[in-house]
>>> print(open('protein-v6.txt').read())   # compact mmCIF, C-alpha atoms
# COMPACT_ATOMS: atom_id res chain seq x y z
CA MET A 399 95.05 121.25 93.84
CA LYS A 400 97.47 123.91 95.15
CA GLY A 401 98.08 121.91 98.33
CA LYS A 402 99.07 118.82 96.33
CA SER A 403 101.58 120.63 94.12
CA TRP A 404 104.28 120.19 96.80
CA ILE A 405 104.33 116.45 95.99
CA LEU A 406 105.21 117.14 92.36
CA GLY A 407 107.90 119.61 93.49
CA ALA A 408 109.36 117.09 95.93
CA LEU A 409 109.47 114.33 93.28
CA PHE A 410 111.21 116.71 90.86
CA ALA A 411 113.76 117.79 93.50
CA VAL A 412 114.60 114.18 94.39
CA ALA A 413 114.97 113.34 90.69
CA LEU A 414 117.44 116.19 90.21
CA THR A 415 119.53 115.46 93.29
CA SER A 416 119.75 111.67 93.07
CA THR A 417 122.04 111.31 90.08
CA PRO A 418 125.22 109.47 91.08
CA ALA A 419 127.64 108.05 88.51
CA LEU A 420 126.18 107.63 85.04
CA ALA A 421 127.03 103.91 85.11
CA GLN A 422 124.55 103.46 87.98
CA GLN A 423 121.64 105.10 86.17
CA PHE A 424 119.07 102.96 84.43
CA ARG A 425 116.02 103.44 82.24
CA GLU A 426 112.97 101.30 81.68
CA ILE A 427 110.21 101.06 79.14
CA ALA A 428 107.18 98.89 79.75
CA ALA A 429 103.76 98.10 78.34
CA GLY A 430 100.93 95.88 79.45
CA TRP A 431 97.34 95.77 80.59
CA THR A 432 95.61 97.72 83.36
CA GLY A 433 93.39 95.95 85.87
CA VAL A 434 90.88 98.40 87.30
CA ALA A 435 88.59 98.60 90.33
CA ALA A 436 84.91 98.00 89.76
CA ALA A 437 82.59 101.00 89.98
CA PRO A 438 80.75 101.29 93.30
CA ALA A 439 77.61 99.15 93.49
CA SER A 440 75.52 102.31 93.82
CA ASP A 441 76.90 103.60 90.50
CA ALA A 442 75.23 102.59 87.23
CA ASN A 443 78.50 103.15 85.33
CA LYS A 444 81.27 100.60 84.91
CA PHE A 445 85.05 100.48 84.44
CA GLU A 446 86.89 97.94 82.28
CA PRO A 447 90.63 97.30 81.67
CA ARG A 448 92.62 98.84 78.81
CA PRO A 449 96.35 99.20 77.84
CA TYR A 450 99.16 100.52 80.04
CA VAL A 451 102.51 102.18 79.19
CA ARG A 452 105.36 103.38 81.40
CA GLY A 453 108.71 105.11 81.05
CA SER A 454 111.13 105.26 83.98
CA ILE A 455 114.52 106.56 84.99
CA GLY A 456 116.35 105.52 88.13
CA ASN A 457 119.55 105.13 90.08
CA VAL A 458 121.22 102.44 92.11
CA LEU A 459 121.42 103.71 95.71
CA ALA A 460 123.04 100.71 97.38
CA PRO A 461 123.47 97.00 96.70
CA ARG A 462 119.96 95.62 96.05
CA VAL A 463 118.33 99.07 96.46
CA ARG A 464 117.24 101.30 93.60
CA ILE A 465 115.10 104.41 93.31
CA ARG A 466 112.92 104.75 90.22
CA PHE A 467 110.86 107.65 88.90
CA ASP A 468 107.93 106.54 86.76
CA ALA A 469 105.68 108.26 84.26
CA ASP A 470 102.63 105.98 83.93
CA ALA A 471 99.67 106.11 81.55
CA MET A 472 96.96 103.70 82.68
CA PHE A 473 93.90 103.51 80.47
CA PHE A 474 90.46 102.10 81.21
CA ARG A 475 87.01 102.04 79.66
CA LEU A 476 84.31 104.11 81.30
CA GLY A 477 80.84 102.86 80.39
CA LEU A 478 78.20 105.49 81.13
CA GLN A 479 74.79 103.87 81.42
CA GLU A 480 72.16 105.29 79.09
CA TYR A 481 68.42 105.02 79.48
CA PRO A 482 66.94 104.81 75.97
CA PRO A 483 63.20 104.57 75.40
CA CYS A 484 62.22 100.91 75.78
CA PRO A 485 59.12 99.01 74.65
CA LEU A 486 56.47 98.08 77.17
CA GLY A 487 57.97 95.56 79.59
CA GLY A 488 61.42 97.21 79.63
CA CYS A 489 64.67 96.76 77.79
CA GLY A 490 66.23 93.32 77.57
CA ARG A 491 69.71 94.62 78.48
CA LYS A 492 71.53 97.69 79.76
CA PHE A 493 72.92 100.23 77.29
CA TYR A 494 76.30 101.96 77.79
CA GLU A 495 78.05 104.83 76.06
CA ASP A 496 81.74 103.87 75.96
CA HIS A 497 84.60 106.28 76.67
CA THR A 498 88.31 105.55 76.96
CA ARG A 499 89.66 107.34 80.03
CA GLY A 500 92.93 107.23 81.87
CA ILE A 501 95.09 107.96 84.84
CA VAL A 502 98.49 109.57 84.39
CA GLY A 503 100.90 109.12 87.29
CA LEU A 504 104.25 110.52 88.33
CA THR A 505 105.62 108.30 91.07
CA ALA A 506 108.82 107.77 93.05
CA ASN A 507 109.41 104.12 93.93
CA ALA A 508 112.01 102.16 95.84
CA LEU A 509 112.97 98.79 94.36
CA VAL A 510 114.53 96.27 96.74
CA GLY A 511 116.15 93.14 95.33
CA LEU A 512 115.29 89.99 97.25
CA ASP A 513 118.28 87.99 95.99
CA PRO A 514 121.93 88.89 95.28
CA ARG A 515 121.37 89.15 91.51
CA GLU A 516 118.19 91.23 91.98
CA ILE A 517 116.15 88.90 89.82
CA VAL A 518 113.14 89.07 92.16
CA TYR A 519 112.29 92.48 93.62
CA VAL A 520 109.56 94.37 95.46
CA ILE A 521 108.40 97.92 94.77
CA GLY A 522 106.82 100.62 96.91
CA GLY A 523 106.35 104.35 96.54
CA ILE A 524 104.17 107.45 96.41
CA GLY A 525 103.05 109.76 93.67
CA ALA A 526 100.64 112.20 92.13
CA TYR A 527 97.99 110.98 89.72
CA GLY A 528 95.87 112.91 87.24
CA ALA A 529 92.62 110.97 86.93
CA PHE A 530 90.54 111.61 83.82
CA ALA A 531 87.23 109.83 84.38
CA GLU A 532 83.80 111.33 85.00
CA GLN A 533 85.64 114.45 86.18
CA ASN A 534 89.31 115.45 85.98
CA THR A 535 91.09 115.39 89.33
CA LEU A 536 94.57 115.41 90.83
CA GLU A 537 94.96 112.61 93.36
CA VAL A 538 97.68 111.56 95.79
CA GLY A 539 98.42 107.86 95.83
CA ALA A 540 100.68 105.02 96.73
CA SER A 541 102.02 102.07 94.76
CA ALA A 542 103.26 98.61 95.68
CA GLY A 543 104.18 95.54 93.72
CA ALA A 544 106.71 92.93 92.71
CA GLY A 545 108.68 91.94 89.65
CA VAL A 546 111.11 89.53 88.06
CA ALA A 547 114.05 90.83 85.99
CA ILE A 548 116.03 88.38 83.86
CA PRO A 549 119.45 89.39 82.42
CA VAL A 550 119.36 89.32 78.60
CA GLY A 551 122.67 91.08 77.91
CA VAL A 552 125.54 92.84 79.63
CA HIS A 553 123.48 95.86 80.69
CA TRP A 554 119.97 94.75 79.68
CA ARG A 555 117.21 93.01 81.62
CA ALA A 556 113.79 91.86 80.52
CA PHE A 557 111.24 92.14 83.29
CA ALA A 558 107.66 91.31 84.19
CA GLU A 559 106.05 93.41 86.89
CA ALA A 560 102.74 93.72 88.71
CA THR A 561 101.96 96.94 90.58
CA TRP A 562 98.97 98.24 92.47
CA HIS A 563 98.20 101.97 92.60
CA ILE A 564 95.65 103.27 95.10
CA LEU A 565 94.26 106.80 94.70
CA VAL A 566 93.31 108.88 97.75
CA PRO A 567 90.83 110.53 97.81
CA ASN A 568 89.02 109.13 94.82
CA ARG A 569 86.50 111.41 93.10
CA GLY A 570 84.73 109.94 90.11
CA GLY A 571 87.22 107.34 88.88
CA PRO A 572 88.45 103.92 89.91
CA SER A 573 89.78 103.73 93.47
CA TRP A 574 92.74 101.62 92.31
CA VAL A 575 94.44 100.36 89.15
CA ALA A 576 96.73 97.34 88.89
CA PRO A 577 98.86 97.22 85.74
CA LEU A 578 100.64 94.06 84.62
CA ALA A 579 103.61 94.93 82.45
CA VAL A 580 106.58 93.52 80.57
CA GLY A 581 109.52 95.64 79.55
CA LEU A 582 113.23 96.28 79.25
CA ARG A 583 115.68 97.83 81.72
CA PHE A 584 118.85 99.29 80.22
>>> encode(input="protein-v6.txt", output="structure tokens")
Amino acid sequence: MKGKSWILGALFAVALTSTPALAQQFREIAAGWTGVAAAPASDANKFEPRPYVRGSIGNVLAPRVRIRFDADAMFFRLGLQEYPPCPLGGCGRKFYEDHTRGIVGLTANALVGLDPREIVYVIGGIGAYGAFAEQNTLEVGASAGAGVAIPVGVHWRAFAEATWHILVPNRGGPSWVAPLAVGLRF
């Protein structure tokens, strides 16, 4: 964990030093649903999707290029398989004890507009993720995705975005999560 703390320090330093004119700063709020990787076939447990929320702050670096710092909370259901006593001949179905678990991420992403008005954009970045599944771990990861942002006012945009977060190394939780979100940029 000590070796990974440099990532959090680097993200914080970039956030402090990348603040140009206030007019170029933006904020985002988003909510949606988290797609989640299936548990390994050798594992009797299972993961299922749950809600997703995100808050972001960012800056315009150049025409069509933005940097965004995200705080993500991606939830999922962890079903731990139980083995209750069954009648002779076995149980008719599997039994699971359900737990809501999550992954909290702090990521730095670059957003690149694919058209002059930046309506369609792609995303890519790195981050640190706290995974709270069968065991609590700090993971390094990467994110990639795409979005559509429609102007709804002078300084407001409504957006829909799909991202994919991969966690490396993965110890006890999903190997990736893929939130689909809608939100506002202001």
>>> residues_around(input="protein-v6.txt", residues="stretch 476-480 of chain A", least_positions_apart="2", cutoff="10 Å", atoms="all atoms listed in the file", output="ChimeraX atom specification")
/A:437,441-447,473-474,482-483,492-500,531-532,571-572
>>> write_last_selection(input="protein-v6.txt", atoms="C-alpha atoms", output="PDB file, in the frame of the given file")
ATOM      1  CA  ALA A 437      82.590 101.000  89.980  1.00  0.00           C
ATOM      2  CA  ASP A 441      76.900 103.600  90.500  1.00  0.00           C
ATOM      3  CA  ALA A 442      75.230 102.590  87.230  1.00  0.00           C
ATOM      4  CA  ASN A 443      78.500 103.150  85.330  1.00  0.00           C
ATOM      5  CA  LYS A 444      81.270 100.600  84.910  1.00  0.00           C
ATOM      6  CA  PHE A 445      85.050 100.480  84.440  1.00  0.00           C
ATOM      7  CA  GLU A 446      86.890  97.940  82.280  1.00  0.00           C
ATOM      8  CA  PRO A 447      90.630  97.300  81.670  1.00  0.00           C
ATOM      9  CA  PHE A 473      93.900 103.510  80.470  1.00  0.00           C
ATOM     10  CA  PHE A 474      90.460 102.100  81.210  1.00  0.00           C
ATOM     11  CA  PRO A 482      66.940 104.810  75.970  1.00  0.00           C
ATOM     12  CA  PRO A 483      63.200 104.570  75.400  1.00  0.00           C
ATOM     13  CA  LYS A 492      71.530  97.690  79.760  1.00  0.00           C
ATOM     14  CA  PHE A 493      72.920 100.230  77.290  1.00  0.00           C
ATOM     15  CA  TYR A 494      76.300 101.960  77.790  1.00  0.00           C
ATOM     16  CA  GLU A 495      78.050 104.830  76.060  1.00  0.00           C
ATOM     17  CA  ASP A 496      81.740 103.870  75.960  1.00  0.00           C
ATOM     18  CA  HIS A 497      84.600 106.280  76.670  1.00  0.00           C
ATOM     19  CA  THR A 498      88.310 105.550  76.960  1.00  0.00           C
ATOM     20  CA  ARG A 499      89.660 107.340  80.030  1.00  0.00           C
ATOM     21  CA  GLY A 500      92.930 107.230  81.870  1.00  0.00           C
ATOM     22  CA  ALA A 531      87.230 109.830  84.380  1.00  0.00           C
ATOM     23  CA  GLU A 532      83.800 111.330  85.000  1.00  0.00           C
ATOM     24  CA  GLY A 571      87.220 107.340  88.880  1.00  0.00           C
ATOM     25  CA  PRO A 572      88.450 103.920  89.910  1.00  0.00           C
TER      26      PRO A 572
END
>>> closest_residue(input="protein-v6.txt", among="A:Arg425, A:Val566, A:Ala547, A:Ala436", to="A:Gly511", atoms="all atoms listed in the file")
A:Ala547
>>> closest_residue(input="protein-v6.txt", among="A:Leu459, A:Leu582, A:Val520, A:Val451", to="A:Pro549", atoms="only C-alpha atoms")
A:Leu582
>>> atom_distance(input="protein-v6.txt", atom1="atom CA of A:Ile427", atom2="atom CA of A:Phe557")
9.9 Å
>>> atom_distance(input="protein-v6.txt", atom1="atom CA of A:Thr432", atom2="atom CA of A:Ile564")
13.0 Å
>>> atom_distance(input="protein-v6.txt", atom1="atom CA of A:Asp470", atom2="atom CA of A:Val458")
20.6 Å
>>> residues_around(input="protein-v6.txt", residues="stretch 522-524 of chain A", least_positions_apart="6", cutoff="7 Å", atoms="all atoms listed in the file", output="PDB file with C-alpha atoms, in the frame of the given file")
ATOM      1  CA  THR A 505     105.620 108.300  91.070  1.00  0.00           C
ATOM      2  CA  ALA A 506     108.820 107.770  93.050  1.00  0.00           C
ATOM      3  CA  ASN A 507     109.410 104.120  93.930  1.00  0.00           C
ATOM      4  CA  ALA A 508     112.010 102.160  95.840  1.00  0.00           C
ATOM      5  CA  LEU A 509     112.970  98.790  94.360  1.00  0.00           C
ATOM      6  CA  GLY A 539      98.420 107.860  95.830  1.00  0.00           C
ATOM      7  CA  ALA A 540     100.680 105.020  96.730  1.00  0.00           C
ATOM      8  CA  SER A 541     102.020 102.070  94.760  1.00  0.00           C
ATOM      9  CA  ALA A 542     103.260  98.610  95.680  1.00  0.00           C
ATOM     10  CA  GLY A 543     104.180  95.540  93.720  1.00  0.00           C
TER      11      GLY A 543
END
>>> closest_residue(input="protein-v6.txt", among="A:Ala460, A:Ala560, A:Ala579, A:Leu565", to="A:Glu516", atoms="all atoms listed in the file")
A:Ala460
>>> closest_residue(input="protein-v6.txt", among="A:Gln423, A:Ser573, A:Asn534, A:Thr561", to="A:Ser454", atoms="only C-alpha atoms")
A:Gln423
>>> residues_around(input="protein-v6.txt", residues="A:Glu426", least_positions_apart="6", cutoff="9 Å", atoms="all atoms listed in the file", output="PyMOL selection string")
chain A and resi 452-456+468+581-584
>>> residues_near_point(input="protein-v6.txt", point="(99.3, 109.6, 85.0)", cutoff="7 Å", atoms="all atoms listed in the file", output="short mmCIF file (atom, residue, chain, number, x, y, z; two decimals) with C-alpha atoms, in the frame of the given file")
data_model
loop_
_atom_site.label_atom_id
_atom_site.label_comp_id
_atom_site.auth_asym_id
_atom_site.auth_seq_id
_atom_site.Cartn_x
_atom_site.Cartn_y
_atom_site.Cartn_z
CA ALA A 469 105.68 108.26 84.26
CA ASP A 470 102.63 105.98 83.93
CA ALA A 471 99.67 106.11 81.55
CA MET A 472 96.96 103.70 82.68
CA ILE A 501 95.09 107.96 84.84
CA VAL A 502 98.49 109.57 84.39
CA GLY A 503 100.90 109.12 87.29
CA LEU A 504 104.25 110.52 88.33
CA TYR A 527 97.99 110.98 89.72
CA GLY A 528 95.87 112.91 87.24
#
>>> axis_aligned_box(input="protein-v6.txt", around="stretch 564-567 of chain A", padding_each_side="5 Å", output="lines of an AutoDock Vina configuration file")
center_x = 93.2
center_y = 106.9
center_z = 96.3
size_x = 14.8
size_y = 17.3
size_z = 13.1
